[in-house]
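Okay, query13.txt now, which holds compact mmCIF, C-alpha atoms and all ligand atoms:
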```txt
# COMPACT_ATOMS: atom_id res chain seq x y z
CA MET A 236 -6.52 13.57 17.68
CA VAL A 237 -5.34 13.93 14.09
CA MET A 238 -5.47 17.37 12.50
CA ALA A 239 -7.89 16.77 9.70
CA GLY A 240 -8.67 19.12 6.88
CA CYS A 241 -9.54 16.15 4.71
CA VAL A 242 -10.60 12.63 5.69
CA ALA A 243 -11.04 9.78 3.23
CA LEU A 244 -13.95 7.53 4.20
CA VAL A 245 -13.31 4.16 2.57
CA VAL A 246 -16.51 2.16 2.55
CA ALA A 247 -15.84 -1.56 2.73
CA ALA A 248 -18.94 -2.74 4.57
CA GLY A 249 -20.49 -4.62 1.64
CA ARG A 250 -20.64 -8.37 2.07
CA GLY A 251 -21.13 -9.14 -1.62
CA ARG A 252 -19.65 -12.56 -2.28
CA ARG A 253 -20.44 -12.42 -5.95
CA PHE A 254 -17.60 -14.73 -6.88
CA GLY A 255 -19.17 -17.52 -4.88
CA GLY A 256 -16.32 -17.60 -2.36
CA GLU A 257 -16.29 -17.03 1.37
CA VAL A 258 -14.34 -13.78 1.22
CA PRO A 259 -16.03 -10.46 0.33
CA LYS A 260 -14.56 -9.05 -2.87
CA GLN A 261 -12.85 -6.07 -1.21
CA TYR A 262 -10.61 -8.54 0.64
CA LEU A 263 -9.60 -10.58 -2.42
CA ASP A 264 -6.09 -10.21 -3.83
CA ILE A 265 -4.98 -8.21 -6.84
CA GLY A 266 -1.32 -8.61 -7.64
CA GLY A 267 -0.65 -10.03 -4.17
CA LEU A 268 -2.44 -7.34 -2.13
CA PRO A 269 -6.10 -7.16 -1.09
CA VAL A 270 -8.40 -4.85 -3.09
CA LEU A 271 -9.06 -2.80 0.06
CA ARG A 272 -5.36 -2.29 0.73
CA HIS A 273 -4.82 -0.92 -2.79
CA ALA A 274 -7.73 1.49 -2.28
CA VAL A 275 -6.53 2.68 1.12
CA LEU A 276 -2.91 3.14 -0.04
CA SER A 277 -3.97 5.62 -2.72
CA PHE A 278 -5.36 7.91 -0.02
CA LEU A 279 -2.58 7.33 2.53
CA ASP A 280 -0.04 8.24 -0.15
CA HIS A 281 -1.82 11.48 -1.09
CA PRO A 282 -0.34 14.61 0.51
CA GLU A 283 -3.70 16.40 0.81
CA VAL A 284 -5.42 13.55 2.66
CA ASP A 285 -4.90 13.80 6.43
CA ALA A 286 -6.56 10.61 7.62
CA VAL A 287 -8.26 7.50 6.28
CA CYS A 288 -11.33 6.14 8.05
CA PRO A 289 -12.50 2.66 6.98
CA VAL A 290 -16.13 1.57 7.32
CA ILE A 291 -16.43 -2.20 7.61
CA ASP A 292 -18.76 -5.02 8.53
CA PRO A 293 -17.61 -6.06 12.04
CA GLY A 294 -17.99 -9.68 10.93
CA ASP A 295 -15.10 -9.08 8.52
CA ARG A 296 -12.75 -7.78 11.23
CA ALA A 297 -10.21 -10.57 10.76
CA HIS A 298 -10.10 -9.98 6.97
CA PHE A 299 -9.79 -6.25 7.58
CA ASP A 300 -6.93 -6.60 10.07
CA ALA A 301 -5.02 -8.86 7.70
CA ALA A 302 -5.65 -6.57 4.71
CA THR A 303 -4.47 -3.40 6.44
CA ALA A 304 -1.64 -4.68 8.67
CA GLY A 305 0.97 -2.02 9.30
CA LEU A 306 -1.05 0.85 7.81
CA ASP A 307 -1.79 4.04 9.74
CA LEU A 308 -5.59 4.13 9.59
CA MET A 309 -8.27 5.45 11.93
CA ASP A 310 -10.16 2.80 13.89
CA PRO A 311 -12.67 1.14 11.58
CA VAL A 312 -16.30 2.19 11.94
CA ALA A 313 -19.05 -0.44 11.89
CA GLY A 314 -21.21 0.00 8.79
CA GLY A 315 -24.95 -0.48 8.41
CA ALA A 316 -27.17 -2.81 6.40
CA GLU A 317 -26.98 -0.66 3.26
CA ARG A 318 -24.27 1.43 1.69
CA GLN A 319 -26.04 4.73 2.33
CA GLU A 320 -26.37 3.84 6.01
CA SER A 321 -22.70 2.82 6.18
CA VAL A 322 -21.64 6.17 4.76
CA ARG A 323 -23.86 8.03 7.20
CA LEU A 324 -22.40 6.11 10.15
CA GLY A 325 -18.90 6.84 8.85
CA LEU A 326 -19.71 10.55 8.59
CA GLU A 327 -21.23 10.55 12.11
CA SER A 328 -18.01 9.01 13.46
CA LEU A 329 -16.12 12.11 12.26
CA VAL A 330 -18.28 14.63 14.14
CA ARG A 331 -15.70 15.33 16.83
CA LEU A 332 -12.90 15.53 14.29
CA ASP A 333 -15.00 17.90 12.17
CA PRO A 334 -12.92 17.79 8.98
CA GLU A 335 -13.36 20.47 6.38
CA ARG A 336 -13.72 17.99 3.51
CA VAL A 337 -14.45 14.29 3.09
CA LEU A 338 -13.72 11.93 0.22
CA ILE A 339 -16.19 9.03 0.15
CA HIS A 340 -14.74 6.06 -1.69
CA ASP A 341 -15.89 2.52 -2.44
CA ALA A 342 -13.25 0.02 -1.35
CA ALA A 343 -14.11 -2.03 -4.44
CA ARG A 344 -12.34 0.60 -6.58
CA PRO A 345 -8.69 -0.31 -5.92
CA LEU A 346 -6.99 1.81 -8.57
CA VAL A 347 -7.91 5.41 -7.83
CA SER A 348 -5.10 7.72 -8.89
CA ALA A 349 -3.56 10.70 -7.13
CA ARG A 350 -4.62 12.74 -10.16
CA ILE A 351 -8.33 12.06 -9.51
CA ILE A 352 -8.01 12.72 -5.77
CA SER A 353 -6.30 16.07 -6.46
CA ALA A 354 -8.89 17.03 -9.08
CA ILE A 355 -11.81 16.27 -6.74
CA LEU A 356 -10.25 18.31 -3.93
CA ALA A 357 -9.53 21.20 -6.31
CA ALA A 358 -13.16 21.16 -7.48
CA LEU A 359 -14.32 21.52 -3.86
CA GLU A 360 -12.94 25.04 -3.95
CA ARG A 361 -15.86 26.00 -6.22
CA ALA A 362 -18.58 23.43 -5.39
CA VAL A 363 -19.95 21.74 -2.29
CA GLY A 364 -19.50 18.34 -3.94
CA ALA A 365 -17.46 16.85 -6.79
CA VAL A 366 -17.48 13.42 -8.42
CA PRO A 367 -15.22 11.73 -10.98
CA ALA A 368 -17.15 10.82 -14.12
CA LEU A 369 -16.64 9.63 -17.68
CA PRO A 370 -18.88 10.44 -20.64
CA VAL A 371 -20.95 7.53 -21.94
CA GLY A 372 -19.26 6.33 -25.13
CA ASP A 373 -21.45 3.43 -26.20
CA THR A 374 -24.79 3.97 -27.89
CA LEU A 375 -27.53 3.38 -25.36
CA LYS A 376 -30.71 1.43 -26.15
CA ARG A 377 -33.83 0.85 -24.21
CA GLY A 378 -34.90 -2.78 -24.51
CA ALA A 379 -37.93 -4.89 -23.73
CA GLY A 380 -38.42 -8.61 -24.23
CA GLY A 381 -35.06 -8.92 -25.97
CA MET A 382 -35.97 -6.29 -28.57
CA ILE A 383 -34.93 -2.68 -28.96
CA ASP A 384 -37.55 -0.32 -27.77
CA GLY A 385 -35.76 2.93 -28.55
CA THR A 386 -32.46 4.79 -28.53
CA VAL A 387 -31.44 6.89 -25.55
CA GLU A 388 -29.77 10.18 -26.31
CA ARG A 389 -26.36 9.75 -24.68
CA HIS A 390 -25.28 13.35 -25.00
CA GLY A 391 -24.89 14.79 -21.52
CA LEU A 392 -24.87 11.37 -19.81
CA TRP A 393 -22.01 10.46 -17.47
CA ARG A 394 -20.84 7.31 -15.70
CA VAL A 395 -20.02 8.31 -12.14
CA GLN A 396 -17.21 6.85 -10.00
CA THR A 397 -15.76 7.42 -6.54
CA PRO A 398 -14.12 9.07 -4.59
CA GLN A 399 -16.93 11.56 -4.29
CA GLY A 400 -15.75 14.64 -2.44
CA PHE A 401 -17.84 16.97 -0.30
CA ARG A 402 -17.58 19.70 2.24
CA TYR A 403 -18.13 17.73 5.42
CA ALA A 404 -20.78 19.77 7.24
CA GLU A 405 -23.06 19.91 4.20
CA ILE A 406 -22.87 16.22 3.24
CA LEU A 407 -23.36 15.13 6.87
CA ALA A 408 -26.50 17.27 7.12
CA ALA A 409 -27.79 15.87 3.80
CA HIS A 410 -27.14 12.26 4.84
CA ARG A 411 -28.97 12.86 8.12
CA GLU A 412 -31.92 14.43 6.33
CA PHE A 413 -32.28 11.70 3.71
CA ALA A 414 -31.37 8.65 5.78
CA GLY A 415 -33.34 5.59 4.67
CA ARG A 416 -34.26 7.03 1.26
CA HIS A 417 -32.30 4.42 -0.79
CA LEU A 418 -30.40 6.92 -2.89
CA THR A 419 -27.90 5.41 -5.30
CA ASP A 420 -24.74 7.34 -4.36
CA ASP A 421 -23.58 10.23 -2.19
CA ALA A 422 -23.93 12.71 -5.04
CA ALA A 423 -27.62 11.74 -5.20
CA VAL A 424 -27.91 12.54 -1.48
CA ALA A 425 -26.30 15.93 -2.14
CA GLU A 426 -28.55 16.55 -5.15
CA GLU A 427 -31.60 15.70 -3.04
CA ALA A 428 -30.45 18.42 -0.62
CA GLY A 429 -30.04 20.87 -3.51
CA LEU A 430 -26.24 21.04 -3.17
CA PRO A 431 -24.20 21.83 -6.30
CA VAL A 432 -22.00 18.89 -7.36
CA ALA A 433 -19.25 19.31 -9.95
CA LEU A 434 -18.22 16.71 -12.55
CA VAL A 435 -14.48 15.99 -12.69
CA GLU A 436 -12.72 13.79 -15.26
CA GLY A 437 -12.57 10.19 -14.01
CA ALA A 438 -10.50 7.33 -15.45
CA GLU A 439 -11.24 3.95 -16.99
CA GLU A 440 -8.55 2.47 -14.70
CA ASN A 441 -10.60 3.55 -11.69
CA LEU A 442 -12.82 0.53 -12.23
CA LYS A 443 -15.16 -1.05 -9.73
CA VAL A 444 -14.39 -4.69 -9.05
CA THR A 445 -17.70 -6.54 -9.33
CA THR A 446 -16.88 -9.57 -11.47
CA VAL A 447 -13.97 -11.99 -11.84
CA ASP A 448 -13.22 -10.25 -15.16
CA ASP A 449 -12.86 -6.93 -13.29
CA LEU A 450 -10.33 -8.54 -10.94
CA ARG A 451 -8.32 -9.73 -13.94
CA ARG A 452 -8.49 -6.33 -15.61
CA ALA A 453 -7.32 -4.63 -12.44
CA GLU A 454 -4.42 -7.08 -12.31
CA GLU A 455 -3.52 -6.27 -15.92
CA ILE A 456 -3.62 -2.53 -15.24
CA LEU A 457 -1.37 -2.93 -12.19
CA GLY A 458 1.03 -5.15 -14.11
CA ALA A 459 1.22 -2.86 -17.13
CA ALA A 460 4.13 -0.44 -17.40
CA PRO A 461 5.65 -1.19 -14.00
CA VAL A 462 8.19 1.17 -12.56
CA MET A 463 11.63 -0.24 -11.73
CA ARG A 464 13.42 1.22 -8.75
CA THR A 465 16.88 0.49 -7.39
CA GLY A 466 18.25 0.87 -3.89
CA ILE A 467 21.81 0.75 -2.59
CA GLY A 468 23.13 -0.30 0.79
CA PHE A 469 26.52 -0.29 2.49
CA ASP A 470 27.63 -1.43 5.93
CA VAL A 471 30.78 -2.10 7.96
CA HIS A 472 31.31 -3.94 11.22
CA ARG A 473 34.63 -4.34 13.03
CA PHE A 474 36.08 -7.59 14.33
CA GLY A 475 36.23 -8.36 18.05
CA PRO A 476 37.09 -11.39 20.12
CA GLY A 477 34.91 -14.39 19.40
CA ASP A 478 34.64 -17.71 17.59
CA ARG A 479 32.08 -17.17 14.81
CA VAL A 480 30.61 -14.57 12.47
CA VAL A 481 27.09 -14.38 11.02
CA LEU A 482 27.21 -13.37 7.37
CA CYS A 483 24.15 -13.20 5.11
CA GLY A 484 22.19 -15.18 7.68
CA VAL A 485 24.76 -18.02 7.82
CA GLU A 486 26.86 -18.75 10.90
CA ILE A 487 30.52 -19.33 10.02
CA PRO A 488 33.07 -20.62 12.58
CA PHE A 489 35.93 -18.09 12.71
CA GLU A 490 38.62 -16.97 15.14
CA ARG A 491 36.87 -13.63 15.73
CA CYS A 492 33.33 -12.20 15.74
CA LEU A 493 31.78 -9.05 14.32
CA GLU A 494 30.94 -6.37 16.85
CA GLY A 495 27.82 -4.29 16.77
CA HIS A 496 24.23 -4.20 17.80
CA SER A 497 22.06 -7.18 16.81
CA ASP A 498 24.11 -10.06 15.39
CA ALA A 499 26.24 -7.60 13.33
CA ASP A 500 25.38 -9.35 10.07
CA VAL A 501 26.97 -6.81 7.79
CA GLY A 502 25.61 -8.50 4.64
CA LEU A 503 21.96 -8.49 5.70
CA HIS A 504 22.29 -4.93 7.01
CA ALA A 505 23.53 -3.69 3.63
CA LEU A 506 20.73 -5.62 1.95
CA CYS A 507 18.08 -4.11 4.26
CA ASP A 508 19.24 -0.62 3.36
CA ALA A 509 19.16 -1.47 -0.34
CA LEU A 510 15.57 -2.77 -0.15
CA MET A 511 14.37 0.13 1.98
CA GLY A 512 16.16 2.52 -0.37
CA ALA A 513 14.44 1.04 -3.42
CA VAL A 514 11.03 2.00 -2.01
CA ALA A 515 12.23 5.19 -0.27
CA ALA A 516 11.29 3.78 3.13
CA GLY A 517 14.15 5.08 5.26
CA ASP A 518 16.99 2.84 6.39
CA ILE A 519 17.67 0.12 8.92
CA GLY A 520 18.63 2.66 11.59
CA SER A 521 15.32 4.51 11.28
CA HIS A 522 13.30 1.30 11.62
CA PHE A 523 15.52 -0.39 14.24
CA PRO A 524 17.43 2.32 16.13
CA PRO A 525 20.76 0.90 17.41
CA ASP A 526 20.26 2.53 20.82
CA ASP A 527 16.95 0.71 21.32
CA PRO A 528 17.64 -2.25 23.65
CA ARG A 529 14.86 -4.23 21.93
CA TRP A 530 17.19 -4.93 19.00
CA THR A 531 20.26 -6.01 20.99
CA ASP A 532 21.21 -9.53 19.87
CA THR A 533 18.29 -9.61 17.43
CA PRO A 534 18.99 -11.91 14.49
CA SER A 535 19.24 -9.70 11.41
CA GLU A 536 16.72 -11.84 9.56
CA THR A 537 14.12 -9.91 11.61
CA PHE A 538 15.31 -6.69 9.96
CA LEU A 539 15.43 -8.25 6.51
CA ARG A 540 11.95 -9.69 6.86
CA ARG A 541 10.67 -6.20 7.76
CA ALA A 542 12.47 -4.71 4.74
CA GLY A 543 10.67 -7.26 2.55
CA GLU A 544 7.36 -6.26 4.15
CA LEU A 545 8.04 -2.57 3.49
CA VAL A 546 8.47 -3.41 -0.19
CA ALA A 547 5.26 -5.47 -0.25
CA GLU A 548 3.29 -2.79 1.60
CA ARG A 549 4.12 -0.39 -1.23
CA ARG A 550 2.87 -2.93 -3.75
CA GLY A 551 6.42 -3.75 -4.82
CA THR A 552 7.91 -7.07 -5.85
CA ILE A 553 11.63 -7.77 -5.64
CA SER A 554 13.17 -8.33 -9.09
CA GLY A 555 16.64 -9.12 -7.80
CA VAL A 556 19.23 -8.43 -5.13
CA ASP A 557 23.01 -8.50 -5.44
CA LEU A 558 25.47 -8.43 -2.56
CA VAL A 559 29.25 -8.15 -2.25
CA VAL A 560 30.94 -9.08 1.01
CA ILE A 561 34.36 -7.41 1.23
CA CYS A 562 36.99 -9.13 3.39
CA GLU A 563 40.20 -11.19 3.20
CA ARG A 564 38.79 -13.87 5.51
CA PRO A 565 36.61 -15.81 6.05
CA LYS A 566 36.30 -16.98 2.46
CA ILE A 567 32.79 -16.42 1.14
CA ALA A 568 32.72 -18.90 -1.75
CA PRO A 569 32.21 -22.08 0.36
CA HIS A 570 29.14 -20.49 2.01
CA ARG A 571 27.68 -18.79 -1.01
CA ALA A 572 24.96 -21.32 -1.82
CA ALA A 573 23.80 -21.40 1.81
CA MET A 574 23.73 -17.57 1.94
CA VAL A 575 21.67 -17.36 -1.26
CA ALA A 576 19.22 -19.96 0.03
CA ARG A 577 18.93 -18.20 3.40
CA ILE A 578 18.25 -14.75 1.89
CA ALA A 579 15.73 -16.18 -0.59
CA ASP A 580 13.97 -17.95 2.26
CA ILE A 581 13.79 -14.86 4.50
CA LEU A 582 12.46 -12.67 1.69
CA GLY A 583 10.18 -15.36 0.27
CA ILE A 584 11.63 -15.03 -3.23
CA ALA A 585 13.23 -17.48 -5.67
CA PRO A 586 16.95 -18.21 -5.09
CA GLY A 587 17.51 -17.23 -8.74
CA LEU A 588 16.77 -13.62 -7.76
CA VAL A 589 19.55 -13.56 -5.15
CA SER A 590 23.26 -13.10 -5.83
CA VAL A 591 26.03 -13.16 -3.20
CA LYS A 592 29.69 -12.57 -3.97
CA GLY A 593 32.85 -12.20 -1.96
CA THR A 594 35.86 -10.08 -2.77
CA THR A 595 39.06 -8.92 -1.11
CA THR A 596 40.74 -5.53 -1.25
CA GLU A 597 44.15 -7.01 -2.10
CA GLY A 598 45.29 -6.42 1.44
CA LEU A 599 44.52 -2.68 1.30
CA GLY A 600 42.55 -0.67 3.82
CA PHE A 601 40.70 -1.85 6.94
CA ALA A 602 39.30 -4.91 5.22
CA GLY A 603 42.72 -5.79 3.89
CA ARG A 604 44.25 -5.45 7.36
CA GLY A 605 41.56 -7.76 8.74
CA GLU A 606 40.02 -5.11 11.02
CA GLY A 607 36.48 -5.73 9.89
CA ILE A 608 34.12 -6.67 7.09
CA ALA A 609 32.25 -4.41 4.67
CA ALA A 610 29.28 -5.26 2.48
CA GLN A 611 27.55 -3.57 -0.42
CA ALA A 612 24.14 -4.43 -1.81
CA VAL A 613 21.80 -3.32 -4.55
CA ALA A 614 18.13 -4.25 -4.80
CA SER A 615 15.78 -3.86 -7.76
CA VAL A 616 12.09 -3.55 -7.05
CA ARG A 617 9.20 -3.56 -9.48
CA LEU A 618 6.35 -1.23 -8.52
CA PRO A 619 3.00 -0.88 -10.24
CA SER A 620 2.71 2.18 -12.43
CA GLY A 621 0.84 5.00 -10.78
CA PRO A 622 1.26 8.54 -9.62
CA ALA A 623 2.54 7.45 -6.21
CA ASN A 624 5.44 5.56 -7.73
CA SER A 625 6.49 7.50 -10.78
MG MG A 701 25.16 -2.70 10.58
```
Show me, as C-alpha cells, the structure contained in the file I just sent.
Amino acid sequence: MVMAGCVALVVAAGRGRRFGGEVPKQYLDIGGLPVLRHAVLSFLDHPEVDAVCPVIDPGDRAHFDAATAGLDLMDPVAGGAERQESVRLGLESLVRLDPERVLIHDAARPLVSARIISAILAALERAVGAVPALPVGDTLKRGAGGMIDGTVERHGLWRVQTPQGFRYAEILAAHREFAGRHLTDDAAVAEEAGLPVALVEGAEENLKVTTVDDLRRAEEILGAAPVMRTGIGFDVHRFGPGDRVVLCGVEIPFERCLEGHSDADVGLHALCDALMGAVAAGDIGSHFPPDDPRWTDTPSETFLRRAGELVAERRGTISGVDLVVICERPKIAPHRAAMVARIADILGIAPGLVSVKGTTTEGLGFAGRGEGIAAQAVASVRLPSGPANS
C-alpha cells in the first residue's frame, strides 16, 4: 500500500456530452492529450501529492484506460449518479489508506498549477478545508424577463474552483452525514458540517471546460509561452563479425556488424537518450536495462517509440532532432533519406523535423581505425508553460 499523507481524488465520473459528441468532455483532447490526463499529470508531478485516485463512470473504462496509459494511478473508483455521491464513494475507497489530507479535483479543470496545489496544502495547516477562488470582477445584476431587477453587491463574492483541499477524516465524516443533500461543491458539504474553509488565490487559467470555447481557450493557454528544452545523446558500439549493420533504423549490407544488446543501432540509441534527456526522463539504460534478456535482439525502433511516448506523456512535442553518425565506413550519405524517413515514421513526426548526417574522424581514434561507430544526437522538445516544466 502507498504511504499517503495526501491523496488527490480526481473526479471524472460525469457523463456530460455537452458538445454533442459520443465522448464525455473529460476525455476530449487539448493539445493532443485528453483533458483528464492533463488534470492528473498536475497532481502526479507535485512533490507533496503521494497518490492520485480517479473516480470514473465504469461505462467510460475504455476512454479512461486510453487517457491514462502509462501513468501511475490508483485503481479507478466507480462513481455515483451525482457528483457529490461520486466524491463520497471516492473518499470511502480511501478508508484503509487513511490519508491525512485529500485534494478533491474536477477532471474538467485540466490546467491546475503546482502553485495552487501548494497554496491549498499550505492553507490546510490552519484550516480544515481550503478552496482556490477568484474575486468576482464583473458587475452582477439580478434579472427577470430580460430586464434588470437590481444590482448585486459583488464585494465579498468569490468564484470558487478546484482542487478543494480538506483534512481527510473531517471531510469524509461530513460527506457521510450530508449524503443525498445535493450540495453544490465539497466546500458546501464542509460548511454544512460547520468546518472552517479558507479561501486561497485561484487562477483564471484553472478554467473548467464546459463549452467548446473553453476547450479552445485551454488550448491557447497551453500553447502560449511554451518552454523549449534540449537533450543530448551519445553512443558507441564496436564492430564484430557479420554482414550488415543497422543504423538509424536502416539495414545496410556491410562486411561487419555492430555488437551489443538489441540490434546495436548506435544512431537510434543516441537519439533515444537525447529525447529522454530533453524531458528529464532518464536514459535508454534505465528504461531498457542491457542485462534484461527481454531486450536482447530487440529492434531499436521499440526504444525510440518509447522515447517518443515519454515526451508525449509529459505534454511535449518534438520540435526537431539532429543526429551525427561518426565512422569512416559505411558511408552515410546514400542512406540518409531512408534514415530520415524511418526516424520520422517511428516518432510520428514530419521528416522536415529530422536531420541525419555522417562524418569521419579523418582516420583518427577508434572510429578512424574502423573499430566501431559512434553517434551523437540532440533533440529539441516544446513543452507547455507551467510550473512543472519551467
Ligand atoms: Mg547503445
Taking all atoms listed in the file and a cut-off of 8 Å, can you tell me which residues surround ligand MG 701 (chain A), written as a PyMOL selection string?
chain A and resi 470-472+495-496+499-501+504-505
If you count all atoms listed in the file, the residue of A:Arg564, A:Glu405, A:Gly385, A:Asp333 closest to A:Pro488 turns out to be A:Arg564
Mind pulling up the distance from atom CA of A:Leu332 to atom CA of A:Asp310?
13.0 Å
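With only C-alpha atoms as the basis for measurement, A:Leu482 is the residue among A:Ala515, A:Ile553, A:Leu510, A:Leu482 that approaches A:Ala610 most closely.
Among the candidates A:Arg473, A:Arg416, A:Lys443, A:Arg549, the residue lying nearest to A:Leu346 is A:Lys443 (atoms considered: only C-alpha atoms).
For the pair atom CA of A:Arg361 and atom CA of A:Glu335, the separation is 14.0 Å.
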From the set A:Gly512, A:Gly429, A:Gly583, A:Pro334, which residue has the shortest atom-to-atom contact distance to A:Ala409, counting only C-alpha atoms?
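Of all the options, A:Gly429 lies closest to A:Ala409.
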Atom CA of A:Val246 to atom CA of A:Glu455, distance in Å rounded to a single decimal
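It comes out at 24.1 Å.
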Go through A:Val347, A:Val290, A:Ile265, A:Ala248 one by one, measure the shortest atom-to-atom distance of each to A:Arg451 using only C-alpha atoms, and give the residue with the smallest value.
A:Ile265
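In this comparison, which uses only C-alpha atoms, the residue of A:Ala542, A:Val270, A:Val245, A:Cys288 approaching A:Val258 most closely is A:Val270.
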How would you write as a ChimeraX atom specification the residues that get within 6 Å of (-15.5, 18.7, -9.5) in the file's frame, counting only C-alpha atoms?
/A:355,358,365-366,433-435
Could you give me, as JSON, numbers by chain, the residues within 9 Å of stretch 523-530 of chain A, counting all atoms listed in the file and dropping anything in the same chain fewer than 3 positions from it?
{"A": [495, 496, 497, 518, 519, 520, 533, 534, 538]}
Write a file of the selected residues as a tab-separated table (two decimals), in the frame of the given file, keeping C-alpha atoms.
```
chain	number	residue	atom	x	y	z
A	495	GLY	CA	27.82	-4.29	16.77
A	496	HIS	CA	24.23	-4.20	17.80
A	497	SER	CA	22.06	-7.18	16.81
A	518	ASP	CA	16.99	2.84	6.39
A	519	ILE	CA	17.67	0.12	8.92
A	520	GLY	CA	18.63	2.66	11.59
A	533	THR	CA	18.29	-9.61	17.43
A	534	PRO	CA	18.99	-11.91	14.49
A	538	PHE	CA	15.31	-6.69	9.96
```
Would you list the contacts of A:Gly605 as number ranges by chain, taking every protein, DNA or RNA residue within 9 Å and counting all atoms listed in the file, but skipping same-chain residues closer than 2 positions in sequence?
A: 473-474, 562-564, 598, 600-603, 607-608
Keeping only C-alpha atoms, write the selected residues as a short mmCIF file (atom, residue, chain, number, x, y, z; two decimals), in the frame of the given file.
```cif
data_model
loop_
_atom_site.label_atom_id
_atom_site.label_comp_id
_atom_site.auth_asym_id
_atom_site.auth_seq_id
_atom_site.Cartn_x
_atom_site.Cartn_y
_atom_site.Cartn_z
CA ARG A 473 34.63 -4.34 13.03
CA PHE A 474 36.08 -7.59 14.33
CA CYS A 562 36.99 -9.13 3.39
CA GLU A 563 40.20 -11.19 3.20
CA ARG A 564 38.79 -13.87 5.51
CA GLY A 598 45.29 -6.42 1.44
CA GLY A 600 42.55 -0.67 3.82
CA PHE A 601 40.70 -1.85 6.94
CA ALA A 602 39.30 -4.91 5.22
CA GLY A 603 42.72 -5.79 3.89
CA GLY A 607 36.48 -5.73 9.89
CA ILE A 608 34.12 -6.67 7.09
#
```
Pick out the residues sitting within 8 Å of A:Ala422, and hand them over as a count of residues only; count all atoms listed in the file, and ignore anything fewer than 3 positions along from it in its own chain.
7
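Residues surrounding A:Leu271 within 7 Å are A:Gln261, A:Tyr262, A:Ala274, A:Val275, A:Ala302, A:Ala342, A:Ala343, A:Pro345 [only C-alpha atoms; sequence separation below 3 positions excluded].
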Give as an NGL selection string each residue that has an atom at most 9 Å from (5.0, -1.5, -1.3) in the file, counting all atoms listed in the file.
:A and (514 or 543-552 or 618)
Convert the current residue selection to file output with C-alpha atoms, as an mmCIF file, keeping the file's coordinate frame.
```cif
data_model
loop_
_atom_site.group_PDB
_atom_site.id
_atom_site.type_symbol
_atom_site.label_atom_id
_atom_site.label_comp_id
_atom_site.auth_asym_id
_atom_site.auth_seq_id
_atom_site.Cartn_x
_atom_site.Cartn_y
_atom_site.Cartn_z
ATOM 1 C CA VAL A 514 11.030 2.000 -2.010
ATOM 2 C CA GLY A 543 10.670 -7.260 2.550
ATOM 3 C CA GLU A 544 7.360 -6.260 4.150
ATOM 4 C CA LEU A 545 8.040 -2.570 3.490
ATOM 5 C CA VAL A 546 8.470 -3.410 -0.190
ATOM 6 C CA ALA A 547 5.260 -5.470 -0.250
ATOM 7 C CA GLU A 548 3.290 -2.790 1.600
ATOM 8 C CA ARG A 549 4.120 -0.390 -1.230
ATOM 9 C CA ARG A 550 2.870 -2.930 -3.750
ATOM 10 C CA GLY A 551 6.420 -3.750 -4.820
ATOM 11 C CA THR A 552 7.910 -7.070 -5.850
ATOM 12 C CA LEU A 618 6.350 -1.230 -8.520
#
```
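Omitting A:Phe299 and its sequence neighbours fewer than 4 positions away, and counting all atoms listed in the file, the residues within 10 Å are Ala247, Gln261, Tyr262, Pro269, Leu271, Arg272, Pro289, Ile291, Asp292, Pro293, Gly294, Asp295, Thr303, Ala304 and Pro311 of chain A.
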